[in-house]
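So this block is start-v4.cif, mmCIF, C-alpha atoms:
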data_entry
loop_
_atom_site.label_atom_id
_atom_site.label_comp_id
_atom_site.auth_asym_id
_atom_site.auth_seq_id
_atom_site.Cartn_x
_atom_site.Cartn_y
_atom_site.Cartn_z
CA LYS Q 1 85.61 97.32 149.34
CA ALA Q 2 82.57 98.36 147.32
CA GLY Q 3 79.46 100.39 147.77
CA SER Q 4 76.61 102.08 145.94
CA LYS Q 5 74.14 104.77 147.00
CA TYR Q 6 70.77 105.61 145.47
CA GLU Q 7 68.08 107.67 147.17
CA GLY Q 8 65.37 106.55 144.74
CA GLY Q 9 63.27 108.65 142.40
CA GLU Q 10 63.65 109.47 138.73
CA ASN Q 11 67.00 111.26 138.97
CA LEU Q 12 69.48 108.45 138.35
CA ASP Q 13 72.32 110.98 138.50
CA LYS Q 14 72.06 110.68 142.28
CA MET Q 15 73.21 107.07 142.05
CA THR Q 16 76.88 106.53 142.93
CA VAL Q 17 79.11 103.52 142.43
CA ASP Q 18 82.31 103.10 144.46
CA VAL Q 19 84.75 100.21 144.39
CA THR Q 20 87.53 101.76 146.48
CA LYS Q 21 89.72 98.68 146.54
CA PHE Q 22 89.70 95.38 144.71
CA HIS Q 23 92.62 93.03 145.27
CA ALA Q 24 93.01 89.40 144.33
CA ASN Q 25 95.80 86.87 144.66
CA LEU Q 26 95.19 83.93 142.36
CA SER Q 27 98.05 81.48 142.77
CA LYS Q 28 101.01 83.79 142.05
CA ASN Q 29 98.86 86.23 140.05
CA THR Q 30 97.86 89.66 141.33
CA ILE Q 31 94.97 91.91 140.29
CA ASP Q 32 94.39 95.37 141.75
CA ALA Q 33 91.59 97.69 140.69
CA ASN Q 34 89.21 100.46 141.76
CA LEU Q 35 86.18 102.16 140.20
CA MET Q 36 84.14 105.33 140.80
CA LEU Q 37 81.06 106.41 138.79
CA ARG Q 38 79.14 109.68 139.12
CA ASN Q 39 76.41 111.49 137.12
CA ILE Q 40 75.69 108.31 135.22
CA MET Q 41 72.88 109.75 133.06
CA THR Q 42 73.78 113.34 132.16
CA ASP Q 43 77.58 113.64 132.20
CA PRO Q 44 79.19 110.40 133.35
CA PHE Q 45 82.33 110.75 135.45
CA ILE Q 46 84.52 107.66 135.64
CA GLN Q 47 87.67 106.99 137.63
CA SER Q 48 89.35 103.60 137.57
CA LYS Q 49 92.73 101.93 137.88
CA ILE Q 50 93.50 98.38 136.85
CA LYS Q 51 96.80 96.61 137.33
CA ALA Q 52 97.28 92.92 136.74
CA ASN Q 53 99.96 90.33 136.19
CA VAL Q 54 98.57 86.92 135.26
CA ASN Q 55 100.29 83.71 134.24
CA LEU Q 56 97.63 82.15 132.01
CA ALA Q 57 98.92 78.64 132.73
CA THR Q 58 97.54 78.99 136.27
CA LEU Q 59 93.97 79.77 135.14
CA LYS Q 60 93.07 76.11 135.52
CA ASP Q 61 93.64 76.45 139.27
CA PHE Q 62 90.76 78.89 139.79
CA VAL Q 63 88.67 78.94 136.58
CA PRO Q 64 86.69 75.88 135.41
CA MET Q 65 88.09 74.51 132.16
CA GLU Q 66 86.52 72.23 129.60
CA GLU Q 67 88.20 68.90 128.93
CA GLY Q 68 91.19 69.42 126.66
CA GLU Q 69 91.25 73.19 127.20
CA ALA Q 70 94.48 74.86 128.34
CA TYR Q 71 96.19 78.26 128.36
CA SER Q 72 99.74 79.47 128.71
CA GLY Q 73 101.40 82.88 128.44
CA ILE Q 74 101.64 86.12 130.39
CA LEU Q 75 99.06 88.92 130.62
CA ASP Q 76 100.18 92.32 131.95
CA ALA Q 77 97.77 95.24 132.35
CA ASP Q 78 98.31 98.73 133.71
CA VAL Q 79 95.44 101.14 132.93
CA ASN Q 80 94.42 104.47 134.50
CA ILE Q 81 91.18 106.30 133.59
CA LYS Q 82 89.77 109.54 135.03
CA GLY Q 83 87.44 112.18 133.59
CA ARG Q 84 84.02 113.25 132.38
CA MET Q 85 82.22 112.24 129.20
CA SER Q 86 81.73 115.92 128.32
CA SER Q 87 85.51 116.36 128.07
CA LEU Q 88 85.65 113.62 125.44
CA GLU Q 89 82.76 115.16 123.51
CA LYS Q 90 84.60 118.49 123.43
CA GLU Q 91 87.82 116.63 122.50
CA ASP Q 92 89.40 118.21 125.55
CA PHE Q 93 91.82 115.32 125.97
CA GLU Q 94 93.96 117.22 128.48
CA ALA Q 95 91.03 117.16 130.92
CA PHE Q 96 90.53 113.41 130.52
CA THR Q 97 93.10 110.83 131.57
CA ALA Q 98 93.11 107.48 129.80
CA GLU Q 99 96.47 105.83 129.62
CA GLY Q 100 98.01 102.45 129.98
CA THR Q 101 98.95 99.22 128.27
CA LEU Q 102 97.59 95.71 127.91
CA LEU Q 103 100.23 93.21 126.85
CA LEU Q 104 99.75 89.53 126.05
CA SER Q 105 102.88 87.53 125.22
CA LYS Q 106 103.79 83.92 124.40
CA MET Q 107 100.16 82.82 124.64
CA ASN Q 108 99.08 79.33 123.64
CA TYR Q 109 95.47 78.16 123.66
CA LYS Q 110 94.36 74.55 123.23
CA SER Q 111 90.79 73.35 122.80
CA LYS Q 112 89.07 70.26 121.44
CA SER Q 113 86.77 72.55 119.47
CA LEU Q 114 89.70 74.00 117.50
CA PRO Q 115 91.53 72.14 114.72
CA ASP Q 116 94.91 73.39 116.03
CA ASP Q 117 96.50 75.44 118.81
CA VAL Q 118 96.28 79.22 118.72
CA ASN Q 119 99.63 80.89 119.36
CA ILE Q 120 99.90 84.63 120.00
CA GLU Q 121 103.52 85.68 120.07
CA ARG Q 122 102.66 89.21 121.13
CA MET Q 123 99.56 91.39 121.35
CA MET Q 124 99.76 94.95 122.66
CA PHE Q 125 97.02 97.51 123.28
CA THR Q 126 97.68 101.08 124.40
CA PHE Q 127 95.03 103.43 125.78
CA SER Q 128 94.53 107.16 125.29
CA PRO Q 129 91.45 109.37 125.75
CA LYS Q 130 90.99 109.51 121.99
CA ASN Q 131 91.41 105.88 121.04
CA LEU Q 132 92.32 102.34 121.91
CA ALA Q 133 95.23 101.26 119.73
CA LEU Q 134 96.14 97.72 118.74
CA ASN Q 135 99.84 98.36 118.24
CA GLU Q 136 100.65 94.84 117.21
CA LEU Q 137 99.23 91.36 117.02
CA ASN Q 138 101.25 88.43 115.71
CA ALA Q 139 99.63 85.01 115.79
CA THR Q 140 99.62 81.57 114.19
CA MET Q 141 97.19 78.67 114.06
CA GLY Q 142 98.42 75.53 112.40
CA LYS Q 143 100.01 76.55 109.10
CA SER Q 144 98.21 79.89 109.08
CA ASP Q 145 99.74 83.15 110.26
CA PHE Q 146 98.49 86.68 110.55
CA ALA Q 147 99.54 90.08 111.83
CA MET Q 148 97.21 92.95 112.67
CA ASN Q 149 97.29 96.54 113.86
CA GLY Q 150 94.88 99.44 114.08
CA LYS Q 151 92.86 101.63 116.40
CA VAL Q 152 89.38 102.08 117.83
CA ASP Q 153 87.95 105.58 118.38
CA ASN Q 154 85.11 106.67 120.71
CA TYR Q 155 85.26 103.53 122.80
CA PHE Q 156 84.03 105.42 125.88
CA GLY Q 157 81.04 106.78 124.01
CA TYR Q 158 80.28 103.27 122.78
CA PHE Q 159 80.40 101.68 126.24
CA LEU Q 160 78.71 104.48 128.19
CA ARG Q 161 76.19 105.83 125.69
CA ASP Q 162 75.96 103.23 122.92
CA GLU Q 163 77.42 105.73 120.45
CA ILE Q 164 79.11 104.73 117.21
CA LEU Q 165 82.34 102.77 117.64
CA LYS Q 166 84.87 103.65 114.93
CA GLY Q 167 87.82 101.52 113.93
CA ASP Q 168 90.53 101.20 111.30
CA PHE Q 169 92.61 98.02 111.02
CA ASN Q 170 95.24 96.42 108.79
CA PHE Q 171 95.38 92.64 108.35
CA ASN Q 172 98.37 90.87 106.78
CA SER Q 173 99.12 87.21 106.27
CA ASN Q 174 101.66 85.11 104.39
CA TYR Q 175 99.38 82.04 104.37
CA LEU Q 176 95.80 81.57 105.51
CA ASP Q 177 94.11 78.16 105.30
CA LEU Q 178 90.42 78.90 105.85
CA ASP Q 179 89.53 75.26 105.20
CA GLN Q 180 91.49 74.39 108.35
CA LEU Q 181 90.44 77.40 110.41
CA MET Q 182 86.74 77.05 109.55
CA PRO Q 183 86.24 73.44 108.41
CA ALA Q 184 82.89 72.63 106.83
CA SER Q 185 80.71 69.94 108.39
CA GLU Q 186 77.56 68.08 107.42
CA SER Q 187 75.73 69.66 110.35
CA THR Q 188 76.26 73.17 109.00
CA ALA Q 189 75.83 72.47 105.31
CA THR Q 190 72.75 73.81 103.53
CA GLU Q 191 71.38 73.43 100.05
CA ILE Q 192 70.83 76.34 97.70
CA GLN Q 193 67.21 77.47 97.91
CA THR Q 194 65.03 78.03 94.84
CA GLY Q 195 62.53 80.44 96.34
CA PRO Q 196 61.19 82.02 99.54
CA GLU Q 197 58.79 79.12 99.99
CA ASP Q 198 61.76 76.75 100.17
CA ARG Q 199 63.61 78.69 102.84
CA VAL Q 200 64.04 75.77 105.21
CA PRO Q 201 67.28 75.93 107.22
CA ALA Q 202 69.33 72.75 107.46
CA THR Q 203 70.16 73.34 111.11
CA ALA Q 204 68.92 75.35 114.05
CA GLU Q 205 72.06 77.48 113.84
CA ALA Q 206 71.00 78.86 110.45
CA THR Q 207 67.56 80.17 111.46
CA GLU Q 208 68.76 83.78 111.87
CA PRO Q 209 70.93 85.72 109.41
CA LEU Q 210 74.17 87.35 110.51
CA LEU Q 211 73.38 91.04 111.12
CA ILE Q 212 75.83 93.94 110.78
CA PRO Q 213 75.63 96.16 113.91
CA GLY Q 214 74.26 99.65 113.34
CA ASN Q 215 76.58 101.32 115.85
CA VAL Q 216 79.94 100.34 114.37
CA ASP Q 217 81.95 102.09 111.65
CA PHE Q 218 84.92 99.82 110.87
CA ASN Q 219 87.39 99.66 108.00
CA LEU Q 220 89.71 96.71 107.41
CA ASN Q 221 92.52 96.74 104.84
CA THR Q 222 93.61 93.24 103.87
CA ASN Q 223 96.76 91.85 102.29
CA ILE Q 224 97.12 88.06 102.07
CA LYS Q 225 99.89 86.51 99.98
CA SER Q 226 98.38 83.02 99.83
CA LEU Q 227 94.96 81.74 100.88
CA LYS Q 228 93.10 78.46 100.67
CA TYR Q 229 89.29 78.47 100.68
CA ASN Q 230 86.89 75.67 99.77
CA GLY Q 231 89.75 73.84 98.07
CA ILE Q 232 90.65 76.86 95.93
CA ASP Q 233 94.22 78.14 96.05
CA VAL Q 234 94.17 81.94 95.97
CA LYS Q 235 97.14 84.30 95.69
CA ASN Q 236 97.72 88.00 96.32
CA VAL Q 237 94.48 88.94 98.04
CA SER Q 238 94.16 92.67 98.66
CA GLY Q 239 91.34 95.11 99.24
CA GLY Q 240 89.15 96.65 101.89
CA VAL Q 241 86.10 95.71 103.94
CA ALA Q 242 83.92 98.32 105.65
CA LEU Q 243 81.13 97.91 108.22
CA LYS Q 244 78.78 100.86 108.55
CA GLU Q 245 75.06 101.44 109.18
CA GLU Q 246 74.24 97.69 109.04
CA VAL Q 247 76.00 97.22 105.71
CA ALA Q 248 79.24 95.33 104.97
CA THR Q 249 81.00 96.67 101.89
CA LEU Q 250 83.76 95.15 99.75
CA ASP Q 251 86.08 97.78 98.30
CA ASN Q 252 87.95 96.57 95.19
CA LEU Q 253 89.00 93.17 96.51
CA THR Q 254 91.36 91.54 93.99
CA MET Q 255 93.01 88.12 93.87
CA ASN Q 256 94.60 85.57 91.57
CA ALA Q 257 92.56 82.36 91.47
CA MET Q 258 91.41 79.56 89.15
CA GLY Q 259 94.09 80.41 86.60
CA GLY Q 260 93.15 84.08 86.27
CA THR Q 261 92.35 87.29 88.12
CA VAL Q 262 89.17 87.92 90.11
CA GLY Q 263 87.92 91.32 91.27
CA LEU Q 264 85.03 91.86 93.66
CA LYS Q 265 83.11 94.86 94.94
CA GLY Q 266 79.69 95.22 96.48
CA ASN Q 267 77.84 94.97 99.77
CA TYR Q 268 75.93 92.74 102.17
CA ASN Q 269 72.94 94.71 103.45
CA THR Q 270 71.09 93.78 106.65
CA THR Q 271 69.00 96.92 107.19
CA ASN Q 272 66.00 94.61 106.72
CA HIS Q 273 66.84 92.17 109.53
CA SER Q 274 64.65 89.35 108.23
CA LYS Q 275 65.75 89.60 104.58
CA PRO Q 276 69.47 90.26 103.98
CA LYS Q 277 70.54 91.19 100.46
CA MET Q 278 73.77 91.02 98.52
CA ASP Q 279 74.70 93.40 95.70
CA ILE Q 280 78.03 92.48 94.19
CA GLY Q 281 80.10 93.11 91.10
CA PHE Q 282 82.52 90.58 89.60
CA SER Q 283 85.39 91.06 87.21
CA LEU Q 284 86.92 87.83 85.88
CA LYS Q 285 89.99 87.93 83.65
CA GLU Q 286 91.04 84.71 81.86
CA VAL Q 287 89.60 82.40 84.51
CA ASP Q 288 89.39 78.64 83.88
CA ILE Q 289 85.68 78.07 83.20
CA ASN Q 290 85.70 74.47 84.43
CA GLN Q 291 87.33 75.40 87.73
CA LEU Q 292 84.80 78.20 88.10
CA ALA Q 293 81.86 75.83 87.67
CA SER Q 294 83.41 73.19 89.94
CA ASN Q 295 83.94 75.62 92.80
CA PHE Q 296 80.72 77.65 92.59
CA LEU Q 297 77.57 75.57 92.74
CA THR Q 298 75.35 78.49 91.69
CA ILE Q 299 77.08 78.74 88.29
CA GLU Q 300 76.78 75.00 87.71
CA LYS Q 301 73.08 75.12 88.66
CA LEU Q 302 72.26 78.04 86.35
CA ALA Q 303 74.44 76.94 83.41
CA PRO Q 304 75.09 73.16 83.53
CA ILE Q 305 77.10 73.27 80.29
CA THR Q 306 79.95 74.98 82.16
CA LYS Q 307 80.86 71.63 83.78
CA HIS Q 308 81.61 70.35 80.28
CA ALA Q 309 83.41 73.45 79.02
CA PHE Q 310 87.17 73.93 78.94
CA GLY Q 311 89.12 77.13 78.37
CA ASP Q 312 89.55 80.62 79.78
CA ILE Q 313 86.79 83.18 80.04
CA SER Q 314 86.59 86.84 80.96
CA ALA Q 315 83.46 88.42 82.37
CA ASP Q 316 82.16 91.55 84.02
CA PHE Q 317 78.80 91.45 85.73
CA ASN Q 318 76.78 92.87 88.58
CA MET Q 319 74.42 90.73 90.59
CA ASN Q 320 72.00 91.29 93.44
CA THR Q 321 70.12 88.60 95.30
CA ASP Q 322 68.25 87.82 98.49
CA LEU Q 323 70.07 85.43 100.83
CA THR Q 324 69.13 82.64 103.17
CA ALA Q 325 70.30 82.75 106.78
CA SER Q 326 73.28 80.61 105.68
CA PHE Q 327 74.40 83.07 102.97
CA GLU Q 328 73.06 80.91 100.14
CA PRO Q 329 71.54 82.88 97.21
CA ILE Q 330 67.83 82.37 96.54
CA LEU Q 331 67.99 81.57 92.84
CA SER Q 332 64.58 83.00 91.98
CA SER Q 333 65.63 86.38 93.41
CA ILE Q 334 68.90 86.76 91.45
CA ASP Q 335 69.02 89.78 89.17
CA CYS Q 336 72.17 89.98 87.06
CA LEU Q 337 73.52 91.74 83.98
CA GLY Q 338 76.91 91.04 82.47
CA ALA Q 339 79.21 90.39 79.52
CA LEU Q 340 81.12 87.22 78.71
CA SER Q 341 83.97 86.59 76.27
CA SER Q 342 86.63 84.02 75.42
CA ASN Q 343 89.30 83.44 72.80
CA GLN Q 344 88.56 79.72 72.78
CA ILE Q 345 86.20 77.36 74.60
CA SER Q 346 85.89 73.63 73.95
CA VAL Q 347 82.85 71.56 74.96
CA LYS Q 348 83.00 67.81 75.60
CA GLY Q 349 80.52 65.35 77.05
CA PHE Q 350 77.46 67.65 77.17
CA LYS Q 351 74.41 65.37 76.89
CA ASN Q 352 72.26 67.86 74.99
CA LEU Q 353 74.82 68.05 72.17
CA GLU Q 354 75.23 64.27 72.26
CA LYS Q 355 71.47 63.85 71.74
CA ILE Q 356 71.50 66.31 68.82
CA GLU Q 357 74.44 64.40 67.32
CA SER Q 358 72.55 61.12 67.71
CA VAL Q 359 69.39 62.43 66.04
CA THR Q 360 71.03 64.40 63.20
CA LYS Q 361 73.82 61.86 62.58
CA LEU Q 362 76.25 64.79 62.32
CA LYS Q 363 79.66 63.47 63.36
CA ASN Q 364 81.67 65.14 66.13
CA LEU Q 365 78.89 67.64 66.86
CA SER Q 366 79.13 66.89 70.60
CA ASN Q 367 82.80 67.85 70.73
CA GLN Q 368 83.09 71.50 69.80
CA THR Q 369 85.61 74.31 69.93
CA ILE Q 370 84.22 77.84 69.90
CA ASN Q 371 86.63 80.62 68.97
CA ASN Q 372 86.49 84.34 69.69
CA PHE Q 373 83.01 84.84 71.03
CA LYS Q 374 81.46 87.70 72.95
CA THR Q 375 77.99 87.91 74.40
CA LYS Q 376 75.94 89.68 77.00
CA PHE Q 377 73.74 87.85 79.46
CA LYS Q 378 71.22 88.40 82.22
CA ILE Q 379 69.76 86.33 85.03
CA LYS Q 380 66.15 86.93 85.93
CA ASP Q 381 63.61 84.77 87.80
CA GLY Q 382 66.17 81.99 88.14
CA LYS Q 383 66.87 81.79 84.40
CA VAL Q 384 69.92 82.73 82.33
CA SER Q 385 69.39 84.54 79.01
CA LEU Q 386 72.15 85.13 76.47
CA THR Q 387 72.22 87.83 73.81
CA PRO Q 388 72.36 85.82 70.55
CA PHE Q 389 75.85 85.37 69.11
CA ASP Q 390 77.23 83.56 66.07
CA VAL Q 391 79.69 80.67 66.23
CA LYS Q 392 80.66 77.78 64.01
CA LEU Q 393 80.00 74.25 65.20
CA GLY Q 394 82.43 72.42 62.97
CA LYS Q 395 81.59 73.86 59.54
CA ILE Q 396 78.03 74.78 60.49
CA GLY Q 397 77.26 78.45 61.07
CA THR Q 398 75.18 78.64 64.22
CA GLU Q 399 73.37 81.28 66.24
CA VAL Q 400 73.48 80.62 69.97
CA SER Q 401 70.85 82.14 72.26
#
As a first step, turn the structure in this file into structure tokens.
Amino acid sequence: KAGSKYEGGENLDKMTVDVTKFHANLSKNTIDANLMLRNIMTDPFIQSKIKANVNLATLKDFVPMEEGEAYSGILDADVNIKGRMSSLEKEDFEAFTAEGTLLLSKMNYKSKSLPDDVNIERMMFTFSPKNLALNELNATMGKSDFAMNGKVDNYFGYFLRDEILKGDFNFNSNYLDLDQLMPASESTATEIQTGPEDRVPATAEATEPLLIPGNVDFNLNTNIKSLKYNGIDVKNVSGGVALKEEVATLDNLTMNAMGGTVGLKGNYNTTNHSKPKMDIGFSLKEVDINQLASNFLTIEKLAPITKHAFGDISADFNMNTDLTASFEPILSSIDCLGALSSNQISVKGFKNLEKIESVTKLKNLSNQTINNFKTKFKIKDGKVSLTPFDVKLGKIGTEVS
């Protein structure tokens, strides 16, 4: 039983919405609900009750499913809401009722579009006037597992008045295989661009950049014991991610990878919707230089010698760059300052040194070991510049720049 009244005119507060009774029997599932809305524009009043018990395995009986798609598990909901928006604004939570639970248990979801089944052992939301709390979420997908909890504040203001939605969450995992969860494909791959004139997306999906919403203020604290990404095995990932005012910010993200320790901080800024930017700081401690070059195409592009270098390096640098819609850096826009050091680096098979060896007839010039060097560098207009530093190539004193 539903109805709505509106006398017309500019005063939309005179509009009323009434759903006095909604009841559905779907197989053995039951859903009961009602809804009342008043003063929609100036001081919204809402009253609603929702109660449901749904066996997800029966969804196929009354909801169209794609081939290979299937659900199982139990969804229980019992929610009661009654009050005015002004009560929330005054934080008069005694005058506003918002209580209830939403519980999902033993859920399994299959789909041909997913590499593996999604299993949610238990997910529980509780409602209050002040916030919507995710008390627990425990899930697995293939070999990956994760647990999550947190809360969302001002959800009524967000839904009724498009106000800022605030949230704080914690994410924990023993093992996360991102290569399985988000496998790369030829259809989504793009090449690194060299300038704005070359900004041609590889696919239609990459024509628009991912934008950070302006009306969310979220914080996510992350702790992952083991992670696999782009073939890289990463350990002990911890740090924070914040979304606010169309900017995503990394807060001291640290991890063990490529034989050393990597630290990241910075932001992804989408306030200019057509031209996203990244400003990021790196801290590398005793990282294998060859693994670094093999896993990050940008480094190999800018400094090809790194593919022929072996040893550990440490570096601290800050970089900002414009990005394509597919998150690839535009090389000509990179602006970077940093410092680089190593106790020992060996170079083998670098063609430039092999040519010098061939012309000068100096033996073993192409196979070099460089000890205890430090230098500063910058990247500007797509080029890498090193502060000159002294090394010995064999017995020859040499200035590198």
Please enumerate the residues selected by the PyMOL selection byres ((chain Q and resi 71) around 12) when evaluated against the supplied file, formatted as a short mmCIF file (atom, residue, chain, number, x, y, z; two decimals) with C-alpha atoms, in the coordinates of the input.
data_model
loop_
_atom_site.label_atom_id
_atom_site.label_comp_id
_atom_site.auth_asym_id
_atom_site.auth_seq_id
_atom_site.Cartn_x
_atom_site.Cartn_y
_atom_site.Cartn_z
CA VAL Q 54 98.57 86.92 135.26
CA ASN Q 55 100.29 83.71 134.24
CA LEU Q 56 97.63 82.15 132.01
CA ALA Q 57 98.92 78.64 132.73
CA THR Q 58 97.54 78.99 136.27
CA LEU Q 59 93.97 79.77 135.14
CA LYS Q 60 93.07 76.11 135.52
CA ASP Q 61 93.64 76.45 139.27
CA VAL Q 63 88.67 78.94 136.58
CA MET Q 65 88.09 74.51 132.16
CA GLU Q 66 86.52 72.23 129.60
CA GLY Q 68 91.19 69.42 126.66
CA GLU Q 69 91.25 73.19 127.20
CA ALA Q 70 94.48 74.86 128.34
CA SER Q 72 99.74 79.47 128.71
CA GLY Q 73 101.40 82.88 128.44
CA ILE Q 74 101.64 86.12 130.39
CA LEU Q 75 99.06 88.92 130.62
CA SER Q 105 102.88 87.53 125.22
CA LYS Q 106 103.79 83.92 124.40
CA MET Q 107 100.16 82.82 124.64
CA ASN Q 108 99.08 79.33 123.64
CA TYR Q 109 95.47 78.16 123.66
CA LYS Q 110 94.36 74.55 123.23
CA SER Q 111 90.79 73.35 122.80
CA ASP Q 117 96.50 75.44 118.81
CA VAL Q 118 96.28 79.22 118.72
CA ASN Q 119 99.63 80.89 119.36
CA ILE Q 120 99.90 84.63 120.00
#
Tell me which residues the PyMOL selection byres ((chain Q and resi 125-136) around 9) grabs here, as a PyMOL selection string.
chain Q and resi 79-81+88+91+93-94+96-104+122-124+137-138+147-156+169
Please measure the separation of atom CA of Thr16 of chain Q and atom CA of Met41 of chain Q, giving the value in Å to one decimal.
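Going from atom CA of Thr16 of chain Q over to atom CA of Met41 of chain Q covers 11.1 Å.
Of note, atom CA of Leu210 of chain Q and atom CA of Ile280 of chain Q are spaced 17.5 Å apart.
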Compile the contact shell of Met319 of chain Q as a PyMOL selection string: residues with an atom at most 6 Å away, counting all atoms listed in the file, same-chain residues fewer than 6 positions apart removed.
chain Q and resi 279-280+335-336
Print the selection's residues with C-alpha atoms to a file, as an mmCIF file, in the frame of the given file.
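Output contents, as saved in selection_37.cif:
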data_model
loop_
_atom_site.group_PDB
_atom_site.id
_atom_site.type_symbol
_atom_site.label_atom_id
_atom_site.label_comp_id
_atom_site.auth_asym_id
_atom_site.auth_seq_id
_atom_site.Cartn_x
_atom_site.Cartn_y
_atom_site.Cartn_z
ATOM 1 C CA ASP Q 279 74.700 93.400 95.700
ATOM 2 C CA ILE Q 280 78.030 92.480 94.190
ATOM 3 C CA ASP Q 335 69.020 89.780 89.170
ATOM 4 C CA CYS Q 336 72.170 89.980 87.060
#
